[in-house]
Each structure stands twice: as structure tokens, then as C-alpha cells.
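Listing of my_file.txt; format and content: compact mmCIF, C-alpha atoms.
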```txt
# COMPACT_ATOMS: atom_id res chain seq x y z
CA MET A 372 -15.75 -1.38 -18.01
CA ILE A 373 -15.96 0.64 -14.80
CA ASN A 374 -19.56 1.56 -15.60
CA ASP A 375 -20.56 -2.07 -15.87
CA PRO A 376 -22.82 -2.75 -12.83
CA LYS A 377 -20.78 -5.90 -12.14
CA TYR A 378 -17.85 -3.66 -11.25
CA LEU A 379 -19.60 -1.03 -9.18
CA ILE A 380 -18.25 -0.87 -5.71
CA ILE A 381 -20.19 -2.88 -3.22
CA LEU A 382 -20.24 -0.59 -0.27
CA VAL A 383 -22.47 -2.29 2.20
CA MET A 384 -23.20 -5.98 2.01
CA ASP A 385 -26.05 -5.88 4.50
CA SER A 386 -28.93 -4.17 2.74
CA SER A 387 -31.28 -4.36 5.73
CA ASP A 388 -29.89 -1.25 7.40
CA ARG A 389 -27.86 0.14 4.51
CA LYS A 390 -28.20 3.83 5.33
CA GLN A 391 -27.29 3.52 9.02
CA THR A 392 -24.31 1.30 8.21
CA LEU A 393 -23.09 3.78 5.61
CA ILE A 394 -23.43 6.75 8.00
CA LYS A 395 -21.46 4.82 10.62
CA LYS A 396 -18.75 4.07 8.04
CA ILE A 397 -18.55 7.75 6.98
CA LEU A 398 -18.22 8.92 10.60
CA ASN A 399 -15.58 6.27 11.20
CA VAL A 400 -13.48 7.47 8.22
CA GLU A 401 -13.90 11.10 9.31
CA GLU A 402 -12.67 10.12 12.77
CA LEU A 403 -9.67 8.35 11.23
CA LEU A 404 -8.85 11.44 9.14
CA ARG A 405 -8.96 13.58 12.30
CA LYS A 406 -6.67 11.11 14.10
CA LEU A 407 -4.18 11.20 11.22
CA ASP A 408 -4.24 15.01 11.26
CA ASP A 409 -3.64 14.90 15.05
CA ILE A 410 -0.69 12.54 14.63
CA SER A 411 0.79 14.84 11.92
CA GLU A 412 0.31 17.87 14.13
CA SER A 413 1.88 16.26 17.17
CA LYS A 414 4.90 15.13 15.10
CA GLU A 415 5.24 18.66 13.74
CA ASN A 416 5.07 20.13 17.26
CA GLU A 417 7.70 17.67 18.43
CA ARG A 418 9.99 18.65 15.53
CA ASN A 419 9.48 22.35 16.25
CA SER A 420 10.18 21.94 19.94
CA LYS A 421 13.42 20.02 19.19
CA THR A 422 14.47 22.77 16.76
CA SER A 423 13.76 25.55 19.27
CA ARG A 424 15.67 23.65 22.00
CA ARG A 425 18.69 23.41 19.68
CA ASN A 426 18.47 27.13 18.95
CA MET B 1309 -3.78 -2.75 22.64
CA ASN B 1310 -0.83 -0.88 21.24
CA GLU B 1311 -0.65 2.89 20.99
CA ILE B 1312 -1.17 3.22 17.25
CA VAL B 1313 -4.17 0.90 17.16
CA ARG B 1314 -5.64 2.88 20.05
CA HIS B 1315 -4.91 6.12 18.21
CA LEU B 1316 -6.55 5.03 14.97
CA GLY B 1317 -9.27 2.79 16.28
CA GLU B 1318 -10.48 4.85 19.24
CA ILE B 1319 -13.88 6.25 18.42
CA ASN B 1320 -16.12 8.39 20.63
CA SER B 1321 -13.27 9.36 22.89
CA ALA B 1322 -13.16 13.15 23.11
CA LYS B 1323 -16.35 14.79 24.29
CA PRO B 1324 -16.44 17.69 21.76
CA GLU B 1325 -16.12 15.15 18.94
CA ARG B 1326 -19.07 13.24 20.31
CA PHE B 1327 -21.23 16.33 20.01
CA SER B 1328 -19.98 17.16 16.54
CA LYS B 1329 -20.47 13.56 15.47
CA ARG B 1330 -24.05 13.60 16.63
CA SER B 1331 -24.84 16.66 14.53
CA GLU B 1332 -22.86 15.25 11.59
CA ALA B 1333 -24.91 12.07 11.83
CA SER B 1334 -28.20 13.94 11.73
CA LEU B 1335 -27.03 15.95 8.70
CA LEU B 1336 -26.06 12.76 6.93
CA GLN B 1337 -29.39 11.17 7.82
CA GLU B 1338 -31.15 13.61 5.47
CA LYS B 1339 -29.00 12.71 2.43
CA PRO B 1340 -30.05 10.11 -0.14
CA LEU B 1341 -28.25 6.79 -0.16
CA GLU B 1342 -26.40 7.44 -3.44
CA GLU B 1343 -24.95 10.66 -2.05
CA LEU B 1344 -23.85 8.88 1.13
CA GLU B 1345 -22.07 6.26 -0.97
CA GLY B 1346 -20.24 9.05 -2.82
CA ILE B 1347 -19.25 10.73 0.46
CA PHE B 1348 -17.95 7.47 1.90
CA VAL B 1349 -15.89 6.62 -1.18
CA SER B 1350 -14.52 10.15 -1.50
CA LYS B 1351 -13.48 10.26 2.19
CA SER B 1352 -11.95 6.79 1.85
CA VAL B 1353 -9.84 8.05 -1.07
CA GLU B 1354 -8.72 10.98 1.11
CA LEU B 1355 -7.78 8.56 3.89
CA LEU B 1356 -5.83 6.26 1.56
CA ARG B 1357 -3.82 9.19 0.19
CA HIS B 1358 -3.27 10.91 3.55
CA PRO B 1359 0.48 11.64 3.92
CA GLU B 1360 0.40 10.63 7.60
CA LEU B 1361 -1.06 7.22 6.71
CA HIS B 1362 1.90 6.67 4.40
CA ALA B 1363 4.30 7.96 7.06
CA LEU B 1364 2.88 5.29 9.39
CA VAL B 1365 3.42 2.67 6.66
CA ASP B 1366 7.08 3.79 6.48
CA GLU B 1367 7.35 3.48 10.26
CA GLY B 1368 6.09 -0.12 10.05
CA LYS B 1369 2.90 0.73 11.92
CA VAL B 1370 0.33 0.23 9.15
CA THR B 1371 -0.01 -2.29 6.34
CA LEU B 1372 -2.58 -3.42 3.78
CA GLY B 1373 -4.36 -6.74 3.83
CA MET B 1374 -7.12 -8.39 1.88
CA VAL B 1375 -9.68 -11.13 2.41
CA LYS B 1376 -9.78 -12.74 -1.04
CA PRO B 1377 -12.88 -13.54 -3.13
CA ASN B 1378 -15.03 -16.60 -2.41
CA THR B 1379 -13.94 -16.81 1.22
CA TYR B 1380 -16.79 -19.27 1.88
CA GLU B 1381 -14.82 -21.87 -0.12
CA GLY B 1382 -12.30 -22.04 2.72
CA LYS B 1383 -12.07 -24.78 5.32
CA ASP B 1384 -14.43 -24.63 8.32
CA LEU B 1385 -15.93 -21.29 7.24
CA PRO B 1386 -19.64 -20.36 6.98
CA SER B 1387 -21.24 -21.07 3.59
CA ASP B 1388 -22.45 -17.45 3.45
CA ASP B 1389 -19.59 -15.37 1.99
CA ASP B 1390 -20.27 -12.24 4.11
CA GLU B 1391 -20.25 -14.33 7.29
CA ALA B 1392 -17.07 -16.09 6.19
CA VAL B 1393 -15.35 -12.72 5.57
CA GLN B 1394 -16.50 -11.45 8.98
CA GLN B 1395 -15.17 -14.57 10.69
CA VAL B 1396 -11.72 -14.13 9.11
CA LEU B 1397 -11.68 -10.37 9.83
CA SER B 1398 -12.67 -10.95 13.46
CA GLU B 1399 -9.40 -12.84 13.99
CA ILE B 1400 -7.23 -9.99 12.74
CA GLU B 1401 -6.20 -7.50 15.39
CA GLY B 1402 -5.80 -3.83 14.53
CA VAL B 1403 -8.08 -3.55 11.48
CA PHE B 1404 -9.19 0.10 11.45
CA PHE B 1405 -10.57 0.45 7.92
CA SER B 1406 -12.07 -2.02 5.47
CA ILE B 1407 -13.93 -1.78 2.20
CA PRO B 1408 -15.42 -4.41 -0.11
CA VAL B 1409 -14.45 -3.95 -3.77
CA GLU B 1410 -14.95 -5.94 -6.93
CA MET B 1411 -11.86 -5.49 -9.09
CA THR B 1412 -11.93 -5.47 -12.88
CA PRO B 1413 -9.51 -7.89 -14.59
CA LEU B 1414 -7.29 -4.89 -15.48
CA GLU B 1415 -7.27 -3.69 -11.87
CA ALA B 1416 -6.48 -7.20 -10.62
CA GLU B 1417 -3.59 -7.43 -13.09
CA GLU B 1418 -2.24 -4.07 -11.90
CA PHE B 1419 -2.67 -5.02 -8.23
CA TYR B 1420 -0.67 -8.23 -8.69
CA ARG B 1421 1.65 -6.76 -11.36
CA PRO B 1422 5.00 -7.81 -9.80
CA THR B 1423 3.78 -11.39 -9.29
CA VAL B 1424 2.07 -11.58 -12.68
CA GLU B 1425 5.15 -10.23 -14.50
CA ALA B 1426 7.45 -12.66 -12.70
CA LEU B 1427 5.17 -15.58 -13.61
CA ARG B 1428 4.95 -14.51 -17.25
CA TYR B 1429 8.70 -14.04 -17.43
CA SER B 1430 9.19 -17.59 -16.21
CA GLY B 1431 6.69 -18.99 -18.73
CA LYS B 1432 3.88 -19.55 -16.22
CA GLU B 1433 1.28 -17.54 -18.14
CA ASP B 1434 -1.53 -19.90 -17.09
CA ILE B 1435 -0.89 -19.26 -13.36
CA ALA B 1436 -0.70 -15.50 -14.01
CA GLU B 1437 -4.05 -15.62 -15.83
CA SER B 1438 -5.67 -17.70 -13.06
CA ILE B 1439 -4.59 -15.13 -10.43
CA ILE B 1440 -6.17 -12.31 -12.48
CA GLU B 1441 -9.32 -14.31 -13.16
CA PHE B 1442 -9.74 -15.36 -9.53
CA THR B 1443 -9.06 -11.88 -8.08
CA SER B 1444 -11.66 -10.28 -10.38
CA SER B 1445 -14.19 -13.12 -10.03
CA SER B 1446 -16.23 -11.66 -7.13
CA PRO B 1447 -16.02 -9.08 -4.32
CA LEU B 1448 -13.07 -9.04 -1.97
CA THR B 1449 -12.42 -7.00 1.17
CA VAL B 1450 -9.37 -4.77 1.40
CA PHE B 1451 -8.36 -3.50 4.83
CA LEU B 1452 -5.76 -1.44 6.66
CA LYS B 1453 -4.22 -2.90 9.77
CA ALA B 1454 -2.24 -1.16 12.51
CA ASP B 1455 0.54 -2.66 14.58
CA SER B 1456 3.08 -1.38 17.10
CA ASP B 1457 5.99 -2.28 14.82
CA ASN B 1458 6.88 -4.46 11.79
CA ALA B 1459 3.29 -4.37 10.51
CA VAL B 1460 4.15 -6.02 7.17
CA ALA B 1461 6.09 -8.93 8.67
CA ASN B 1462 3.69 -9.47 11.58
CA TRP B 1463 0.67 -9.63 9.31
CA ARG B 1464 2.41 -11.99 6.88
CA ALA B 1465 3.34 -14.24 9.82
CA GLN B 1466 -0.29 -14.32 10.93
CA MET B 1467 -1.40 -15.15 7.36
CA GLY B 1468 0.99 -18.09 7.03
CA PRO B 1469 2.87 -19.33 3.96
CA THR B 1470 1.54 -18.80 0.43
CA ARG B 1471 1.62 -22.36 -0.87
CA MET B 1472 -0.51 -25.29 0.20
CA GLU B 1473 2.45 -27.64 0.69
CA ASP B 1474 3.70 -25.16 3.31
CA PHE B 1475 0.56 -23.88 5.04
CA THR B 1476 -0.67 -27.45 5.63
CA LYS B 1477 2.40 -28.24 7.72
CA PRO B 1478 1.64 -28.69 11.46
CA GLU B 1479 3.82 -25.72 12.44
CA HIS B 1480 1.50 -23.43 10.43
CA ALA B 1481 -1.75 -24.86 11.78
CA ASN B 1482 -2.49 -21.71 13.77
CA THR B 1483 -1.98 -19.29 10.89
CA LEU B 1484 -5.05 -18.04 9.00
CA ARG B 1485 -4.11 -20.06 5.92
CA GLY B 1486 -3.33 -23.11 8.04
CA LYS B 1487 -6.80 -22.86 9.57
CA TYR B 1488 -8.91 -21.80 6.61
CA ALA B 1489 -7.19 -22.28 3.23
CA LYS B 1490 -7.72 -25.43 1.19
CA GLU B 1491 -5.50 -24.64 -1.79
CA THR B 1492 -2.83 -22.24 -3.08
CA GLY B 1493 -5.28 -20.83 -5.66
CA ASN B 1494 -7.55 -19.47 -2.93
CA ASN B 1495 -5.37 -19.05 0.10
CA ILE B 1496 -7.99 -16.75 1.71
CA VAL B 1497 -5.85 -13.73 2.63
CA HIS B 1498 -3.33 -11.35 1.09
CA GLY B 1499 -0.78 -9.04 2.65
CA SER B 1500 1.60 -6.54 1.12
CA ASP B 1501 5.05 -8.15 0.96
CA SER B 1502 7.05 -5.01 1.78
CA ILE B 1503 6.62 -1.40 2.83
CA GLU B 1504 7.00 -0.35 -0.83
CA SER B 1505 4.26 -2.79 -1.88
CA ALA B 1506 2.00 -1.50 0.89
CA HIS B 1507 2.35 2.07 -0.44
CA ARG B 1508 1.72 0.91 -4.01
CA GLU B 1509 -1.33 -1.19 -3.11
CA ILE B 1510 -2.87 1.52 -0.91
CA TYR B 1511 -2.50 4.11 -3.71
CA LEU B 1512 -3.93 1.59 -6.21
CA LEU B 1513 -6.96 1.05 -3.98
CA ALA B 1514 -7.44 4.83 -3.81
CA ASP B 1515 -7.32 4.98 -7.64
CA MET B 1516 -9.85 2.14 -7.92
CA LEU B 1517 -12.26 3.85 -5.55
CA GLU B 1518 -11.83 7.21 -7.26
CA ALA B 1519 -12.64 5.62 -10.63
CA ARG B 1520 -15.99 4.57 -9.21
CA LEU B 1521 -16.99 8.04 -8.01
CA PRO B 1522 -19.57 9.95 -10.01
CA ILE B 1523 -17.89 12.81 -11.95
CA ASN B 1524 -19.92 15.48 -10.14
CA THR B 1525 -18.45 14.48 -6.77
CA PHE B 1526 -15.43 16.69 -7.53
```
In C-alpha cells, what does this structure look like?
Amino acid sequence: MINDPKYLIILVMDSSDRKQTLIKKILNVEELLRKLDDISESKENERNSKTSRRN
Amino acid sequence: MNEIVRHLGEINSAKPERFSKRSEASLLQEKPLEELEGIFVSKSVELLRHPELHALVDEGKVTLGMVKPNTYEGKDLPSDDDEAVQQVLSEIEGVFFSIPVEMTPLEAEEFYRPTVEALRYSGKEDIAESIIEFTSSSPLTVFLKADSDNAVANWRAQMGPTRMEDFTKPEHANTLRGKYAKETGNNIVHGSDSIESAHREIYLLADMLEARLPINTF
């Protein structure tokens, strides 16, 4: 059923500038992934600094 | 704008990233459209399964929402479905990721499994079937939304009550359903009803997207 064209993901509704819109969306997701990695890292640093203060 | 929305939604902030983004963009420019679609879906799957995203869900800072199919059927919305979706989305603060998907009936059943099972258990098979049929009838837009706290409850408050007899009450006139929904069957928007549901629905969306990737992407 997944291979039925009816069920293919519709990535970009506006077909006029499909490629540019898609590139923008990719860069946006990459940026979000970097932000999430940054948040993880800063939480990890905070945990480590609390641990070293206790020690 | 709250800290987490700023964190997730802030684009083009750090200078080194701007440079790297420019070169990334020119590399992407050379790729064919089909490959770009694969890259976007594959990165979206990575995002939806990112442990930190789910940590933020646990902290009440991120939740999942959806603009349901056939949005144009709503009250006072443009007759063009894309424009209707954009109008609804433009009223929702903190949306940092969105993707249009057309669910299969099986995916729709899995997405609404707790509701569908409860309806079937109470003998309301026809309502369960209509939910599945409606959800898989045409494209919908799933999104992630950030908030400073209580993301699930805040988003559900902005949506308004589920049923028509409730969302048509004057006290709900400023909710999205109060403004745009005409009936319970298409009440325009969806929101995860708990942190556990948000995790489940985000992982399900990742599975749906992954199922649409060409095999050679991995």
C-alpha cells in the first residue's frame, strides 16, 4: 500500500519553487538537529560541573 | 518569545553556521529533486527520534500537533486547502517543524489506536471507522510545537474542546476550533493528549516517514 502513489509523502505543496523550498526545509531540519545536539551538550556539561563541584 | 522556542526556531544566528549553510545550500542545489526529498525525509526521521527532542517532550517543552485533512471545509477559511492550512498554522506560536503527510488507513488506525479501541469497546464501531476514513482521506500536516512549559496542556487549550456542542459555546469562541471548526467530525486540529501520547505519535510519524524512504537511502 505504501508504494501506491496516493500514499507517497507530499513534501512540498507549492510546486512552483519546489527545489528551493525543499533545500530551505533541509537546512532548517539540519539547524534543528544542531540545536538539539547543543541542548544535549549543555545539559551534559551542567551535569558534569555539578558532579565535579560535589567531588 | 520563550527560551526554548528561540533555541529551536532561531535560524541564521551564529556566523560560522551562516557560512556553512551557504556552502551546504550550494551543494544541495546540484542534487536532483528526488534525492533532496530523500534527504529531507531521512533528516526529519532523525529529528523525530532525537533523544533530546524526547527529553524536551518529557520536560513539557515540546508537543505534537496536526492540522487535519480538508481544512478548507472549516468555517471562515480559504477554499484552497494549502491556504487554509497556512492560515491555521500562522495562528500557532512556536511551530518549529511541520510536514504534510497522507496517512494510509492502517497508519490512521495506529495513530488513533487508543481512541479507536475505546470506541470499538463501547460498541461505536461506526465512529471509529469514520475517524480512520477521514484521517486517511487526504493530506494532513503534522507539526512540532515548542512552549516554555506545559506544552501539551497549553496547545490543547488553544485548540479548544473536541466536540461541537462544546467548542461552539461562547467561552470557546477564541479557540481554534471555536473559530474554524464546523463539526466534531472535522474539528480542524489535533494535539497529543499527554506526554506519553506525544512520544508515541512522534515515533509513529518517524516510522511513517521512514516507510516512504527509498531502500537505497540507508
Item to check | Residues within 12 Å of A:Ile394, only C-alpha atoms, excluding chain neighbours under 2 positions, as a PyMOL selection string | outcome: (chain A and resi 382-383+388-392+396-401) or (chain B and resi 1329-1349)
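Between atom CA of B:Gln1394 and atom CA of B:Leu1364 there is a distance of 25.6 Å.
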Checklist entry - Using only C-alpha atoms, which of the listed residues (B:Ala1519, B:Ile1503, B:Val1375, B:Leu1452) sits closest to chain A? => result B:Ala1519
Which chain B residues have any atom within 6 Å of an atom of chain A, and for each, what is the nearest pair of atoms with distance in Å to one decimal, counting only C-alpha atoms, rows sorted by chain and number, as CSV?
```
residue,atom,partner,partner_atom,distance
B:Leu1316,CA,A:Leu403,CA,5.9
B:Phe1348,CA,A:Ile397,CA,5.1
B:Glu1360,CA,A:Leu407,CA,5.9
B:Pro1408,CA,A:Ile381,CA,5.9
B:Val1409,CA,A:Ile380,CA,5.3
B:Glu1410,CA,A:Tyr378,CA,5.7
```
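What separates atom CA of B:Glu1504 from atom CA of B:Val1450 is a distance of 17.1 Å.
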Checklist entry - atom CA of B:Arg1485 and atom CA of B:Lys1369, how far apart in Å? => result 22.7 Å
Next on the checklist: Need the shell around B:Leu1414: protein/DNA/RNA residues with any atom at most 12 Å away, counting only C-alpha atoms. Skip same-chain ones fewer than 2 positions apart. Format as an MDAnalysis selection string?
Outcome noted: (chainID A and resid 372:373 378) or (chainID B and resid 1410:1412 1416:1421 1424 1437 1439:1441 1443:1444 1512 1516)
Next on the checklist: Please list as an NGL selection string every residue within 8 Å of B:Arg1464, counting only C-alpha atoms and excluding residues in the same chain fewer than 3 positions away.
Outcome noted: :B and (1460-1461 or 1467-1469 or 1499-1501)
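Closest approach to B:Ile1510 among B:Ile1407, B:Val1365, B:Val1396, B:Leu1372 is made by B:Leu1372 (distances from all atoms listed in the file).
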